[in-house]
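Enquirer: Provided herewith is a single structure, encoded as structure tokens, for subsequent inquiry.
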Amino acid sequence: MQAGIIGLGLIGGSMGLALRETKMFKTILGYDINPLHNQQALSLGLVDECIELKDIQECDVIFLAIPLDGVITTLQTFDNISPHTTIIDLGGAKEKIALSVPSNIRKNFIGAHPMSGTEFFGPKAALKDLFKNKIIILTDIQDSGEFQVAYAKEIFVSIGMQIIKMDSKEHDWHIALISHLPHIISYALANAVLSQEDPQTILALIGGGFKDMSRISKSSPIMWKDIFKQNKENVLKSLEIFKKEIMLGKKLIEEEKWEDLKAWMAKANTLQNFM
């Protein structure tokens with residue numbers, strides 16, 4: 001069996017390392033639009049060989065680990081797909097991609113979102129155990145082929161993931177709140193400090209709180225631009241909810257309602273009871 005990975009950054013590279021551990025595949029092939037990434041992926045052992053994009057179509061399973069607009073474009077080029085091939089999209093927003101899948105390969109297609117990652121990107125960021133004991137969300141699998149669903153589940157279980165099924169619309173709303181919103185807040189927090197006259201002096205004073213909240217502002221702007229674009233409505237809705245809460249906190253401070261502010265913060269403390 002051959003696995004093909006399109007996109008050899010954090011997610012694609014980590015998938016290559018994870019698949020190698022399973023010994024399910026004789027060969028792991030890769031492709032990245034960036035020639036340097038291909039060289040790094042080979043030297044780091046993320047894949048066995050880098051080939052042309054058109055040749056990836058001959059693999060038994062194809063993973064798409066590229067920015068979301070690229071996923072849509074790439075799916076349109078798949079014109080030589082076997083009925084038994086499994087195509088797995090690993091992107092962070094699902095509905096627009098699901099709607100874009102050509103009808104002739106819809107049974108081949110699996111929408112999957114691994115709830116794992118770091119703030120780093122590129123082949124050098126790849127980690128062998130990135131997916132171990134993490135959740136993988138499979139979306140709209142009622143539209144996928146029975147063989148492809150079973151095969152995808154087998155692969156994800158073999159690399160140590162826990163499977164949750166969800167429709168793509170529901171996925172995009174939930175993920176907007178717990179992933180997309182925190183990222184845009186982190187970008188905003190970083191830019192708020194950088195916009196000050198002397199950010200270096202301010203940053204010399206930072207402690208754990210700022211580091212924790214700003215960590216994911218190091219994430220790939222290319223990848224996150226596509227996520228915000230494809231999940232625009234849900235991201236904007238989540239920002240309105242956040243804006244309502246931040247304005248409430250501001251109002252309580254302005255009006256010196258300290259007990260109400262304490263109660264507002266105490267309510268936030270209860271979130272940890274659900275995690």
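Letters for chains follow the order of the structure tokens (A, B, ...), residue numbers begin at 1 for each chain, and ligand numbers begin at 1 in the order shown.
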Could you pull out the helix (DSSP H, G or I) residues of region 2-237 of chain A, going by DSSP on the backbone, and write them as a ChimeraX atom specification?

Expert: /A:10-22,35-43,53-56,68-76,95-100,103-105,123-125,141-143,146-158,168-194,199-203,208-218,221-230,232-237

Enquirer: Each residue of region 71-170 of chain A with at least one atom at most 12 Å from region 178-189 of chain A should appear once, together with its nearest atom pair and the corresponding distance in Å (one decimal); atoms considered: only C-alpha atoms; ordering: chain, then increasing residue number; output as JSON lines.

Expert:
{"residue": "A:Gly92", "atom": "CA", "partner": "A:His180", "partner_atom": "CA", "distance": 8.8}
{"residue": "A:Ala93", "atom": "CA", "partner": "A:His180", "partner_atom": "CA", "distance": 9.3}
{"residue": "A:His113", "atom": "CA", "partner": "A:Ser179", "partner_atom": "CA", "distance": 11.8}
{"residue": "A:Pro114", "atom": "CA", "partner": "A:Ser179", "partner_atom": "CA", "distance": 11.9}
{"residue": "A:Met115", "atom": "CA", "partner": "A:Ser179", "partner_atom": "CA", "distance": 9.2}
{"residue": "A:Ser116", "atom": "CA", "partner": "A:Ser179", "partner_atom": "CA", "distance": 10.6}
{"residue": "A:Gly117", "atom": "CA", "partner": "A:Ser179", "partner_atom": "CA", "distance": 11.0}
{"residue": "A:Thr118", "atom": "CA", "partner": "A:His183", "partner_atom": "CA", "distance": 11.8}
{"residue": "A:Glu119", "atom": "CA", "partner": "A:His183", "partner_atom": "CA", "distance": 10.0}

Enquirer: Using only C-alpha atoms, which residue out of A:Leu46, A:Leu252, A:Val235, A:Ile56 lies closest to Glu21 (chain A)?

Expert: A:Leu46

Enquirer: Let me make sure I understand: among A:Gln39, A:Gln57, A:Asn34, A:Gln142, which one has the smallest atom-to-atom distance to Lys107 (chain A) if we use only C-alpha atoms?

Expert: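 So, comparing all the options, the nearest one is A:Gln142.
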
Enquirer: Identify which of the residues A:Ala126, A:Ala150, A:Leu205, A:Met223 lies closest to Asp69 (chain A), counting only C-alpha atoms when measuring atom-to-atom distances.

Expert: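 Under the stated criterion, the closest residue is A:Met223.
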
Enquirer: Mind checking which residues fall within 6 Å of Leu17 (chain A), counting only C-alpha atoms, ignoring those fewer than 2 positions away in the same chain, and posting them as an mmCIF file with N, CA and C atoms, in the first residue's frame?

Expert:
data_model
loop_
_atom_site.group_PDB
_atom_site.id
_atom_site.type_symbol
_atom_site.label_atom_id
_atom_site.label_comp_id
_atom_site.auth_asym_id
_atom_site.auth_seq_id
_atom_site.Cartn_x
_atom_site.Cartn_y
_atom_site.Cartn_z
ATOM 1 N N SER A 14 4.087 15.461 10.171
ATOM 2 C CA SER A 14 3.784 14.631 11.342
ATOM 3 C C SER A 14 2.994 13.394 10.941
ATOM 4 N N MET A 15 2.104 13.539 9.943
ATOM 5 C CA MET A 15 1.356 12.386 9.457
ATOM 6 C C MET A 15 2.305 11.372 8.838
ATOM 7 N N LEU A 19 2.477 7.626 10.218
ATOM 8 C CA LEU A 19 2.162 6.494 9.337
ATOM 9 C C LEU A 19 3.327 5.505 9.292
ATOM 10 N N ARG A 20 4.544 6.034 9.312
ATOM 11 C CA ARG A 20 5.711 5.148 9.289
ATOM 12 C C ARG A 20 5.717 4.215 10.502
ATOM 13 N N LEU A 46 10.502 12.296 6.745
ATOM 14 C CA LEU A 46 9.047 12.424 6.851
ATOM 15 C C LEU A 46 8.348 11.609 5.773
ATOM 16 N N LYS A 128 6.536 13.121 15.673
ATOM 17 C CA LYS A 128 6.082 11.731 15.512
ATOM 18 C C LYS A 128 4.786 11.463 16.268
#

Enquirer: Here is a test: counting only C-alpha atoms, which residue of A:Ile253, A:Leu29, A:Ala263, A:Leu44 is nearest to Gly122 (chain A)?

Expert: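 That would be A:Leu44, the residue with the smallest distance to Gly122 (chain A).
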
Enquirer: Taking only C-alpha atoms into account, name the residue in A:Ile141, A:Leu248, A:Ile216, A:Ile5 that is nearest to Ala98 (chain A).

Expert: A:Ile141
